[in-house]
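Note sheet for the following structure.
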Amino acid sequence: MTTPDIQWYPGHISKAEKQLAEQLKLVDVVLEVRDARIPLSTHHPQVPQWVGSKSRVLIINRVDTILPPLRDRWHLWFQRQGETPYFTNAQDGTGIKAISKAAKEAGIALNQRRLDRGMRPRAVRAVVIGFPNVGKSALINRLVGRRVVESARRAGVTKQLRWVRISDELELLDAPGVIPSKLEDQDAALKLAICDDIGEAAYDNQRVASAFVDMVKEIEAMGTAWMPPEALRSRYKLDPLPMTGEDYLHNFAESRYEGDVERAARQILNDFRKGLLGQIPLELPPE
Ligand SMILES: Nc1nc2c(ncn2[C@@H]2O[C@H](COP(=O)(O)OP(=O)(O)OP(=O)(O)O)[C@@H](O)[C@H]2O)c(=O)[nH]1
């Protein structure tokens, strides 16, 4: 497989980390969102350090993009790591109530500590954090029950952080904390690029698309409980089995786009991101 060589634009990481630290200072509970297609690659190793002694709720979003047997496998795997994963679909609201409940429960301990110190109980304060594009805003809007995240959250536009009251017991920051994806690990970076969970990073679509085809072949070979069979062949009428990802991309470009490989690469990546290739996971729980 080719190395995709995915790079951040300069200055992005430190700015994102500074902003994230500001947000984390204000809260009691951290709602960490990951992408169900790549729950490991959407983990940042520094999260435990950033969360410190605060409570954390682990959310695996886009549960609709993986098959139920795989969701169950991830559930088991996380439980074995001593974690409780909450699976959500922030687009249709599945699993959202359980998250509010978990966040409130995390606050019970907080208020007990306040009471012990002679302080008055107060609403739990929470923030949603995660890699770019994992569904943080959609999740906040679902938790609050209306659109609170401004669409104009463009880079460089600093805005005042505000609390949104979800109930007497729970308040949420109206802007999510963006975790800068960790690009030192190029295997993870590749998966982030395929899923578009990578933010303002530079990469080569053609290398990323060929690597994607190679990954699909590998996972397909492991059995159909994890993904729909022949995902690529059924959509493009071109079987990837006898060739490398790179050859597949070139053949696909020849057959569809008069040899325009860039266009073919974009098409494959966009189809995957829109779910048009079916529920293809890029990661399976380690054995
Ligand atoms: N299929 C599916 N799509 C989702 C889900 N949650 C969010 N999305 C879509 O994913 C895209 C990104 O969602 P956002 O909520 O903007 O993600 P974000 O993490 O706030 O993104 P950034 O602002 O880039 O950090 C949007 O097109 C959402 O509609 C989900 O559970 N399932």
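Ligands are numbered from 1 in the order shown, residues from 1 within each chain, and chains are lettered A, B, ... in the order they appear in the structure tokens.
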Next on the checklist: According to DSSP computed on the backbone, where in stretch 182-260 of chain A is there helix (DSSP H, G or I)? Give the residues as a PyMOL selection string.
Outcome noted: chain A and resi 186-195+205-221+231-236+245-257
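Where the distance criterion is 7 Å and the atoms used are only C-alpha atoms and all ligand atoms, the residues close to ligand 1 are Asn61, Arg62, Val63, Asp64, Thr65, Thr88, Asn89, Ala90, Gln91, Gly130, Phe131, Pro132, Asn133, Val134, Gly135, Lys136, Ser137, Ala138, Leu139, Pro176, Val178 and Gly199 of chain A.
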Next on the checklist: as a list in words, please: the residues near A:Ile59 (cut-off 6 Å, only C-alpha atoms, same-chain neighbours under 2 positions excluded).
Outcome noted: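 Surrounding residues, per the criterion: Glu32, Val33, Asn61, Pro85, Tyr86 and Phe87 of chain A.
Across the model, the gap from atom CA of A:Ser41 to atom CA of A:Glu230 is 24.4 Å.
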Quick one: residues within 9 Å of stretch 237-246 of chain A, only C-alpha atoms counted, chain neighbours fewer than 4 positions away excluded, as a PDB file with N, CA and C atoms, in the first residue's frame?
```pdb
ATOM      1  N   MET A   1       0.849  -1.202   0.000  1.00  0.00           N
ATOM      2  CA  MET A   1       0.000   0.000   0.000  1.00  0.00           C
ATOM      3  C   MET A   1       0.887   1.256   0.000  1.00  0.00           C
ATOM      4  N   GLN A 206      -5.927  10.756  -5.084  1.00  0.00           N
ATOM      5  CA  GLN A 206      -5.737   9.514  -5.836  1.00  0.00           C
ATOM      6  C   GLN A 206      -5.071   8.447  -4.976  1.00  0.00           C
ATOM      7  N   ARG A 207      -4.090   8.867  -4.184  1.00  0.00           N
ATOM      8  CA  ARG A 207      -3.427   7.888  -3.302  1.00  0.00           C
ATOM      9  C   ARG A 207      -4.387   7.427  -2.211  1.00  0.00           C
ATOM     10  N   ALA A 209      -7.698   7.346  -2.413  1.00  0.00           N
ATOM     11  CA  ALA A 209      -8.745   6.484  -2.974  1.00  0.00           C
ATOM     12  C   ALA A 209      -8.207   5.080  -3.272  1.00  0.00           C
ATOM     13  N   SER A 210      -6.965   4.977  -3.797  1.00  0.00           N
ATOM     14  CA  SER A 210      -6.444   3.625  -4.065  1.00  0.00           C
ATOM     15  C   SER A 210      -6.243   2.859  -2.767  1.00  0.00           C
ATOM     16  N   ALA A 211      -5.753   3.542  -1.734  1.00  0.00           N
ATOM     17  CA  ALA A 211      -5.570   2.872  -0.444  1.00  0.00           C
ATOM     18  C   ALA A 211      -6.924   2.426   0.113  1.00  0.00           C
ATOM     19  N   PHE A 212      -7.951   3.227  -0.136  1.00  0.00           N
ATOM     20  CA  PHE A 212      -9.302   2.864   0.317  1.00  0.00           C
ATOM     21  C   PHE A 212      -9.746   1.550  -0.333  1.00  0.00           C
ATOM     22  N   VAL A 213      -9.528   1.436  -1.637  1.00  0.00           N
ATOM     23  CA  VAL A 213      -9.932   0.199  -2.333  1.00  0.00           C
ATOM     24  C   VAL A 213      -9.174  -0.995  -1.747  1.00  0.00           C
ATOM     25  N   ASP A 214      -7.883  -0.827  -1.465  1.00  0.00           N
ATOM     26  CA  ASP A 214      -7.109  -1.912  -0.850  1.00  0.00           C
ATOM     27  C   ASP A 214      -7.695  -2.307   0.506  1.00  0.00           C
ATOM     28  N   MET A 215      -8.109  -1.312   1.282  1.00  0.00           N
ATOM     29  CA  MET A 215      -8.678  -1.599   2.609  1.00  0.00           C
ATOM     30  C   MET A 215     -10.001  -2.335   2.493  1.00  0.00           C
ATOM     31  N   LYS A 217     -10.932  -4.301   0.178  1.00  0.00           N
ATOM     32  CA  LYS A 217     -10.655  -5.696  -0.190  1.00  0.00           C
ATOM     33  C   LYS A 217     -10.255  -6.509   1.038  1.00  0.00           C
ATOM     34  N   GLU A 230     -19.259  -7.358  -1.701  1.00  0.00           N
ATOM     35  CA  GLU A 230     -19.028  -6.797  -3.031  1.00  0.00           C
ATOM     36  C   GLU A 230     -19.487  -5.352  -3.175  1.00  0.00           C
ATOM     37  N   LEU A 232     -17.929  -2.549  -3.773  1.00  0.00           N
ATOM     38  CA  LEU A 232     -17.437  -1.792  -4.929  1.00  0.00           C
ATOM     39  C   LEU A 232     -17.977  -2.370  -6.224  1.00  0.00           C
ATOM     40  N   ARG A 233     -17.959  -3.715  -6.293  1.00  0.00           N
ATOM     41  CA  ARG A 233     -18.392  -4.335  -7.539  1.00  0.00           C
ATOM     42  C   ARG A 233     -19.861  -4.023  -7.816  1.00  0.00           C
ATOM     43  N   HIS A 250      -7.414   3.287 -11.774  1.00  0.00           N
ATOM     44  CA  HIS A 250      -7.135   3.615 -13.175  1.00  0.00           C
ATOM     45  C   HIS A 250      -8.147   2.961 -14.116  1.00  0.00           C
ATOM     46  N   ASN A 251      -8.501   1.698 -13.835  1.00  0.00           N
ATOM     47  CA  ASN A 251      -9.497   1.030 -14.677  1.00  0.00           C
ATOM     48  C   ASN A 251     -10.853   1.717 -14.588  1.00  0.00           C
ATOM     49  N   PHE A 252     -11.188   2.117 -13.384  1.00  0.00           N
ATOM     50  CA  PHE A 252     -12.465   2.800 -13.162  1.00  0.00           C
ATOM     51  C   PHE A 252     -12.476   4.137 -13.923  1.00  0.00           C
TER      52      PHE A 252
END
```
Checklist entry - Which polymer residues have any atom within 9 Å of an atom of stretch 71-79 of chain A, counting only C-alpha atoms, with same-chain residues fewer than 3 positions away left out, as number ranges by chain? => result A: 36, 39, 63, 66-68, 82-87, 284-287
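Taking only C-alpha atoms, the non-local environment of A:Ser181 within 10 Å (same-chain residues fewer than 4 positions away omitted) comprises Trp8, Ile13, Ala16, Ser41, Thr42, His43, His44, Gly130, Phe131, Pro132, Asp185, Ala188, Ala189, Leu192, Asp197, Ile198, Gly199, Glu200 and Ala201 of chain A.
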Write the residues of the selection above to a file with C-alpha atoms, as a PDB file, in the first residue's frame.
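Below you can see again_16.pdb, which holds the result:
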```pdb
ATOM      1  CA  TRP A   8      -1.373  19.713   8.335  1.00  0.00           C
ATOM      2  CA  ILE A  13      -2.555  22.358  15.487  1.00  0.00           C
ATOM      3  CA  ALA A  16      -6.807  24.230  17.757  1.00  0.00           C
ATOM      4  CA  SER A  41      -8.305   6.428  14.499  1.00  0.00           C
ATOM      5  CA  THR A  42     -10.690   9.090  15.828  1.00  0.00           C
ATOM      6  CA  HIS A  43      -9.089   8.729  19.251  1.00  0.00           C
ATOM      7  CA  HIS A  44      -6.399  11.187  20.245  1.00  0.00           C
ATOM      8  CA  GLY A 130     -13.948  15.282  18.739  1.00  0.00           C
ATOM      9  CA  PHE A 131     -12.056  15.262  15.463  1.00  0.00           C
ATOM     10  CA  PRO A 132     -13.320  17.441  12.597  1.00  0.00           C
ATOM     11  CA  ASP A 185       0.337   8.043  12.548  1.00  0.00           C
ATOM     12  CA  ALA A 188      -4.742   6.560  11.026  1.00  0.00           C
ATOM     13  CA  ALA A 189      -4.366   9.758   8.987  1.00  0.00           C
ATOM     14  CA  LEU A 192      -9.294  10.065   8.626  1.00  0.00           C
ATOM     15  CA  ASP A 197     -12.636  13.501   9.474  1.00  0.00           C
ATOM     16  CA  ILE A 198      -9.412  15.405   9.053  1.00  0.00           C
ATOM     17  CA  GLY A 199     -10.187  19.115   8.731  1.00  0.00           C
ATOM     18  CA  GLU A 200      -7.810  21.404   6.936  1.00  0.00           C
ATOM     19  CA  ALA A 201      -5.159  18.874   5.961  1.00  0.00           C
TER      20      ALA A 201
END
```
Item to check | Separation of atom CA of A:Leu277 from atom CA of A:Arg235 in Å | outcome: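 Interatomic distance, atom CA of A:Arg235 to atom CA of A:Leu277: 6.8 Å.
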For the interface of stretch 173-257 of chain A with stretch 21-26 of chain A (cut-off 9 Å, counting only C-alpha atoms), please tabulate each contacting residue of stretch 173-257 of chain A alongside its nearest pair of atoms and their separation in Å to one decimal, rows sorted by chain and increasing number, as JSON lines.
```
{"residue": "A:Leu173", "atom": "CA", "partner": "A:Gln23", "partner_atom": "CA", "distance": 8.1}
{"residue": "A:Ala175", "atom": "CA", "partner": "A:Gln23", "partner_atom": "CA", "distance": 8.8}
{"residue": "A:Pro176", "atom": "CA", "partner": "A:Gln23", "partner_atom": "CA", "distance": 8.5}
{"residue": "A:Gly177", "atom": "CA", "partner": "A:Gln23", "partner_atom": "CA", "distance": 6.7}
```
Checklist entry - Given the choices A:Val149, A:Cys195, A:Arg263, A:Ala231, which gets closest to A:Arg37 if the distance is worked out from only C-alpha atoms? => result A:Cys195
Checklist entry - Could you work out how far atom CA of A:Gln46 lies from atom CA of A:Lys182, giving the answer in Å with one decimal? => result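 Answer for the atom CA of A:Lys182 to atom CA of A:Gln46 separation: 9.8 Å.
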